[in-house]
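The next block holds one structure in the form of structure tokens; read it before the comments.
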Number of protein chains: 2
Amino acid sequence: MMAMKSTRIVKEIKDRGFKITPQRQLVAEALEGNKTHPTVEDLYKEVAKIAPTISVATIYKTLNELVEIGAIQRLDVGDRKAHFDPDTTPHNHFVCLRCGTIYDIPETGKVNEIPELPDFKVLRSQTIYYGYCKKCKG
Amino acid sequence: MMAMKSTRIVKEIKDRGFKITPQRQLVAEALEGNKTHPTVEDLYKEVAKIAPTISVATIYKTLNELVEIGAIQRLDVGDRKAHFDPDTTPHNHFVCLRCGTIYDIPETGKVNEIPELPDFKVLRSQTIYYGYCKKCKG
DNA sequence: ATCTCTGCAAAAAATTTGCACAAGG
DNA sequence: CCTTGTGCAAATTTTTTGCAGAGAT
């Protein structure tokens, strides 16, 4: 039996009636508070340190569940890999075109305002800025 | 020899010193003024009607070139397929979560404003709205 | 001739699926 | 037991790459 830290994500898994398995626990812990916007591979490597027999398929399944229940969000920045963000509150992202790092950008109020679009029911929005970060623009 | 319509995209290909081949001409024509945000497959099918021997690899190569020279833009909306948009002027997109249709949303001024981010050199931004379109929200 | 571009096929990368078995109520 | 979840492997899907030959100056 492993130590069962009860994180926010773990709680959301429970609330939705999913079982807390060691695998889900580890994926949840790897994501909780994680600001690096990891890919599936990143998370797989991270979790595999502790549970070396876990399979990538389980990571994919778990992540898809977490996205479906709204515990985390998927982030597509154009590198053809899914990134995952445990922060589901309104905020934006900056992607460095040179090093690929994804930074959180606090919402400005203006940008995150959802305009009234007569023919659409808008549920959420997502703004991505592209450019060069401090490390790379020099 | 085919009819060589000189579209904006064709012009940008020329200006960059690339040759205007029948394949590039057809991909350019398929994109010019296209508001449907087609995928590679969409474009392949479209172009293959006229040039049945064209290969998907050529479509990919052409599209990547066009994106690199800034003649068109790549659009990632979360369905794990690249979409392409010949409109490179500032505007946003709405993605219907039910039918997957991508709609153009005119810029509001507010949303497309790029905030001053001290540690970043912002080159462009991209806002995507998610929800249900008129056809699907009923 | 030379340089570029295309088509084919193979490879690579990312993600999903099917199924037998394990785990836990 | 019965349901749910895992791991493995295979299958799918999307995209890239290598190379020989075609085409255009």
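Convention: chains lettered A, B, ... in structure tokens order; per-chain residue numbering from 1; ligands numbered from 1 as shown.
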Exercise for review: Extract, using only C-alpha atoms (C1' of nucleotides), all DNA, RNA and protein residues at most 12 Å from Tyr60 in chain A, discarding same-chain residues fewer than 4 positions from it, and format them as an MDAnalysis selection string.
Suggested key: (chainID A and resid 23:24 27 39:44 54:56 64:67 74 82:84) or (chainID C and resid 14:17)
Check your understanding: chain D residues within 12 Å of chain B, counting only C-alpha atoms (C1' of nucleotides): which ones, as JSON, numbers by chain?
Key -> {"D": [13, 14, 15, 16, 17, 23, 24, 25]}
Keeping only C-alpha atoms (C1' of nucleotides), write those residues as a PDB file, in the first residue's frame.
```pdb
ATOM      1  C1'  DT D  13      -3.633   7.902 -37.270  1.00  0.00           C
ATOM      2  C1'  DT D  14      -0.803  11.707 -38.333  1.00  0.00           C
ATOM      3  C1'  DT D  15       3.419  13.365 -39.977  1.00  0.00           C
ATOM      4  C1'  DT D  16       8.259  13.047 -41.567  1.00  0.00           C
ATOM      5  C1'  DT D  17      12.114  11.262 -44.191  1.00  0.00           C
ATOM      6  C1'  DG D  23      11.162  18.396 -64.750  1.00  0.00           C
ATOM      7  C1'  DA D  24      12.670  22.811 -65.524  1.00  0.00           C
ATOM      8  C1'  DT D  25      16.115  26.301 -66.372  1.00  0.00           C
TER       9       DT D  25
END
```
Point to revise | Test item, strand (DSSP E or B) assignment across chain B, answer as a VMD selection string | key: chain B and resid 39 73 to 75 83 to 85 91 to 96 102 to 106 120 to 133
Would you save the residues of that selection, restricted to N, CA and C atoms, as a short mmCIF file (atom, residue, chain, number, x, y, z; two decimals), in the first residue's frame?
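Written file, result.cif:
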```cif
data_model
loop_
_atom_site.label_atom_id
_atom_site.label_comp_id
_atom_site.auth_asym_id
_atom_site.auth_seq_id
_atom_site.Cartn_x
_atom_site.Cartn_y
_atom_site.Cartn_z
N THR B 39 -8.07 20.17 -43.20
CA THR B 39 -6.94 19.36 -42.74
C THR B 39 -6.13 18.92 -43.95
N GLN B 73 -1.53 29.94 -42.26
CA GLN B 73 -1.21 29.60 -40.89
C GLN B 73 -1.77 28.24 -40.49
N ARG B 74 -1.03 27.61 -39.59
CA ARG B 74 -1.45 26.34 -39.04
C ARG B 74 -2.33 26.62 -37.83
N LEU B 75 -3.31 25.76 -37.66
CA LEU B 75 -4.28 25.98 -36.60
C LEU B 75 -4.48 24.68 -35.85
N HIS B 83 -4.95 21.97 -38.93
CA HIS B 83 -5.85 22.65 -39.86
C HIS B 83 -5.07 23.81 -40.46
N PHE B 84 -5.51 24.24 -41.65
CA PHE B 84 -4.79 25.31 -42.31
C PHE B 84 -5.72 26.44 -42.70
N ASP B 85 -5.22 27.65 -42.53
CA ASP B 85 -6.03 28.84 -42.76
C ASP B 85 -5.25 29.82 -43.62
N HIS B 91 -7.41 37.38 -36.54
CA HIS B 91 -8.81 37.00 -36.29
C HIS B 91 -8.78 35.77 -35.41
N ASN B 92 -9.92 35.44 -34.86
CA ASN B 92 -9.97 34.32 -33.92
C ASN B 92 -10.81 33.19 -34.46
N HIS B 93 -10.91 32.13 -33.66
CA HIS B 93 -11.66 30.95 -34.12
C HIS B 93 -12.57 30.41 -33.04
N PHE B 94 -13.68 29.88 -33.51
CA PHE B 94 -14.60 29.20 -32.61
C PHE B 94 -14.69 27.75 -33.07
N VAL B 95 -14.55 26.83 -32.11
CA VAL B 95 -14.61 25.41 -32.43
C VAL B 95 -15.84 24.80 -31.78
N CYS B 96 -16.68 24.19 -32.59
CA CYS B 96 -17.87 23.53 -32.04
C CYS B 96 -17.47 22.17 -31.49
N ILE B 102 -15.02 24.64 -37.49
CA ILE B 102 -14.23 25.79 -37.04
C ILE B 102 -14.76 27.04 -37.74
N TYR B 103 -15.17 28.02 -36.97
CA TYR B 103 -15.70 29.26 -37.52
C TYR B 103 -14.71 30.39 -37.30
N ASP B 104 -14.66 31.32 -38.24
CA ASP B 104 -13.86 32.53 -38.03
C ASP B 104 -14.62 33.49 -37.14
N ILE B 105 -13.92 34.09 -36.22
CA ILE B 105 -14.51 35.11 -35.36
C ILE B 105 -13.71 36.39 -35.57
N PRO B 106 -14.36 37.43 -36.03
CA PRO B 106 -13.62 38.67 -36.27
C PRO B 106 -12.96 39.16 -35.00
N PHE B 120 8.99 38.72 -22.33
CA PHE B 120 8.74 38.00 -23.57
C PHE B 120 8.69 38.94 -24.76
N LYS B 121 9.14 38.46 -25.88
CA LYS B 121 8.91 39.17 -27.13
C LYS B 121 7.77 38.45 -27.84
N VAL B 122 6.59 39.08 -27.80
CA VAL B 122 5.40 38.44 -28.36
C VAL B 122 5.29 38.77 -29.84
N LEU B 123 5.21 37.75 -30.67
CA LEU B 123 5.11 37.97 -32.11
C LEU B 123 3.68 37.89 -32.60
N ARG B 124 2.94 36.94 -32.07
CA ARG B 124 1.53 36.83 -32.47
C ARG B 124 0.74 36.12 -31.40
N SER B 125 -0.56 36.21 -31.51
CA SER B 125 -1.41 35.52 -30.55
C SER B 125 -2.58 34.88 -31.27
N GLN B 126 -3.23 34.01 -30.55
CA GLN B 126 -4.24 33.17 -31.18
C GLN B 126 -5.26 32.81 -30.11
N THR B 127 -6.49 33.21 -30.31
CA THR B 127 -7.53 32.86 -29.34
C THR B 127 -8.52 31.89 -29.96
N ILE B 128 -8.80 30.83 -29.24
CA ILE B 128 -9.79 29.86 -29.70
C ILE B 128 -10.90 29.79 -28.67
N TYR B 129 -12.13 29.88 -29.15
CA TYR B 129 -13.30 29.72 -28.30
C TYR B 129 -13.88 28.34 -28.53
N TYR B 130 -14.30 27.71 -27.43
CA TYR B 130 -14.91 26.39 -27.54
C TYR B 130 -16.34 26.44 -27.03
N GLY B 131 -17.22 25.73 -27.70
CA GLY B 131 -18.62 25.70 -27.27
C GLY B 131 -19.47 25.01 -28.33
N TYR B 132 -20.71 25.46 -28.45
CA TYR B 132 -21.60 24.85 -29.43
C TYR B 132 -22.08 25.89 -30.41
N CYS B 133 -22.12 25.50 -31.67
CA CYS B 133 -22.55 26.43 -32.71
C CYS B 133 -24.07 26.40 -32.83
#
```
Proximity check chain C to chain B, 12 Å, nearest pairs one decimal Å, only C-alpha atoms (C1' of nucleotides), as a Markdown table:
```
| residue | atom | partner | partner_atom | distance |
| --- | --- | --- | --- | --- |
| C:DC3 | C1' | B:Lys19 | CA | 11.5 |
| C:DT4 | C1' | B:Lys19 | CA | 8.1 |
| C:DC5 | C1' | B:Thr21 | CA | 8.2 |
| C:DT6 | C1' | B:Thr58 | CA | 6.9 |
| C:DG7 | C1' | B:Ser55 | CA | 6.0 |
| C:DC8 | C1' | B:Ser55 | CA | 8.1 |
| C:DA9 | C1' | B:Ala57 | CA | 10.7 |
| C:DA14 | C1' | B:Arg80 | CA | 9.0 |
| C:DT15 | C1' | B:Arg80 | CA | 9.2 |
```
Review point. Looking at A:Glu12, A:Asp79, A:Asp87, A:Glu46, which one is nearest to chain B, with distances taken over only C-alpha atoms?
Key: A:Asp79
Review point. Which of range 16-130 of chain B counts as alpha helix (DSSP H) under DSSP, as a PyMOL selection string please?
Key: chain B and resi 22-31+40-48+56-68
Practice item. For CA of Leu26 in chain A and CA of Ile50 in chain A, determine how far apart the two atoms are, in Å to one decimal place. Key: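 Separation of CA of Leu26 in chain A and CA of Ile50 in chain A: 8.2 Å.
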Exercise for review: Using only C-alpha atoms (C1' of nucleotides), determine which residues lie at most 12 Å from DG24 in chain C, disregarding the query and same-chain residues fewer than 5 positions distant; provide the list as a ChimeraX atom specification.
Suggested key: /A:19-21 /D:1-5
Now that the selection is made, can you save its residues with N, CA, C and O atoms (P, O5', C5', C4', C3', O3' and C1' of nucleotides) as a PDB file, in the first residue's frame?
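Heads up, here's the output in result.pdb:
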```pdb
ATOM      1  N   LYS A  19     -12.295   4.886  -9.244  1.00  0.00           N
ATOM      2  CA  LYS A  19     -11.480   4.343  -8.151  1.00  0.00           C
ATOM      3  C   LYS A  19     -10.123   5.024  -8.079  1.00  0.00           C
ATOM      4  O   LYS A  19      -9.545   5.390  -9.097  1.00  0.00           O
ATOM      5  N   ILE A  20      -9.632   5.162  -6.859  1.00  0.00           N
ATOM      6  CA  ILE A  20      -8.281   5.693  -6.700  1.00  0.00           C
ATOM      7  C   ILE A  20      -7.311   4.521  -6.717  1.00  0.00           C
ATOM      8  O   ILE A  20      -7.111   3.830  -5.724  1.00  0.00           O
ATOM      9  N   THR A  21      -6.708   4.317  -7.862  1.00  0.00           N
ATOM     10  CA  THR A  21      -5.704   3.256  -7.987  1.00  0.00           C
ATOM     11  C   THR A  21      -4.332   3.881  -7.806  1.00  0.00           C
ATOM     12  O   THR A  21      -4.194   5.100  -7.928  1.00  0.00           O
TER      13      THR A  21
ATOM     14  P    DC D   1     -19.014 -17.847  -7.251  1.00  0.00           P
ATOM     15  O5'  DC D   1     -18.081 -17.032  -8.226  1.00  0.00           O
ATOM     16  C5'  DC D   1     -18.590 -16.292  -9.349  1.00  0.00           C
ATOM     17  C4'  DC D   1     -19.402 -15.079  -8.895  1.00  0.00           C
ATOM     18  C3'  DC D   1     -19.627 -14.042  -9.963  1.00  0.00           C
ATOM     19  O3'  DC D   1     -20.912 -13.464  -9.747  1.00  0.00           O
ATOM     20  C1'  DC D   1     -18.413 -13.071  -8.190  1.00  0.00           C
ATOM     21  P    DC D   2     -21.842 -13.035 -11.006  1.00  0.00           P
ATOM     22  O5'  DC D   2     -21.481 -11.492 -11.014  1.00  0.00           O
ATOM     23  C5'  DC D   2     -21.432 -10.759  -9.762  1.00  0.00           C
ATOM     24  C4'  DC D   2     -20.948  -9.352 -10.055  1.00  0.00           C
ATOM     25  C3'  DC D   2     -20.939  -9.013 -11.547  1.00  0.00           C
ATOM     26  O3'  DC D   2     -21.378  -7.678 -11.698  1.00  0.00           O
ATOM     27  C1'  DC D   2     -18.753  -8.828 -10.661  1.00  0.00           C
ATOM     28  P    DT D   3     -21.580  -7.026 -13.155  1.00  0.00           P
ATOM     29  O5'  DT D   3     -20.708  -5.698 -13.023  1.00  0.00           O
ATOM     30  C5'  DT D   3     -20.663  -5.026 -11.743  1.00  0.00           C
ATOM     31  C4'  DT D   3     -19.358  -4.306 -11.612  1.00  0.00           C
ATOM     32  C3'  DT D   3     -18.950  -3.506 -12.856  1.00  0.00           C
ATOM     33  O3'  DT D   3     -18.845  -2.139 -12.483  1.00  0.00           O
ATOM     34  C1'  DT D   3     -17.119  -4.726 -11.989  1.00  0.00           C
ATOM     35  P    DT D   4     -18.579  -1.013 -13.518  1.00  0.00           P
ATOM     36  O5'  DT D   4     -17.053  -0.660 -13.237  1.00  0.00           O
ATOM     37  C5'  DT D   4     -16.595  -0.548 -11.879  1.00  0.00           C
ATOM     38  C4'  DT D   4     -15.089  -0.539 -11.878  1.00  0.00           C
ATOM     39  C3'  DT D   4     -14.484   0.312 -13.000  1.00  0.00           C
ATOM     40  O3'  DT D   4     -13.615   1.247 -12.392  1.00  0.00           O
ATOM     41  C1'  DT D   4     -13.469  -1.829 -12.929  1.00  0.00           C
ATOM     42  P    DG D   5     -12.710   2.177 -13.256  1.00  0.00           P
ATOM     43  O5'  DG D   5     -11.362   1.355 -13.292  1.00  0.00           O
ATOM     44  C5'  DG D   5     -10.703   1.086 -12.055  1.00  0.00           C
ATOM     45  C4'  DG D   5      -9.370   0.463 -12.344  1.00  0.00           C
ATOM     46  C3'  DG D   5      -8.512   1.249 -13.336  1.00  0.00           C
ATOM     47  O3'  DG D   5      -7.183   1.273 -12.834  1.00  0.00           O
ATOM     48  C1'  DG D   5      -8.814  -0.960 -14.113  1.00  0.00           C
TER      49       DG D   5
END
```
Exercise for review: Would you work out the distance separating CA of Glu29 in chain A from CA of Asp15 in chain A, expressed in Å to one decimal?
Suggested key: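 CA of Asp15 in chain A lies at a distance of 16.6 Å from CA of Glu29 in chain A.
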Study note, to complete from the structure: Atom pair CA of Lys135 in chain B + CA of Thr88 in chain B, distance 26.8 Å
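With distances taken over only C-alpha atoms, B:Val77 is the one residue among B:Thr62, B:Val77, B:Gly138, B:Glu107 lying closest to chain A.
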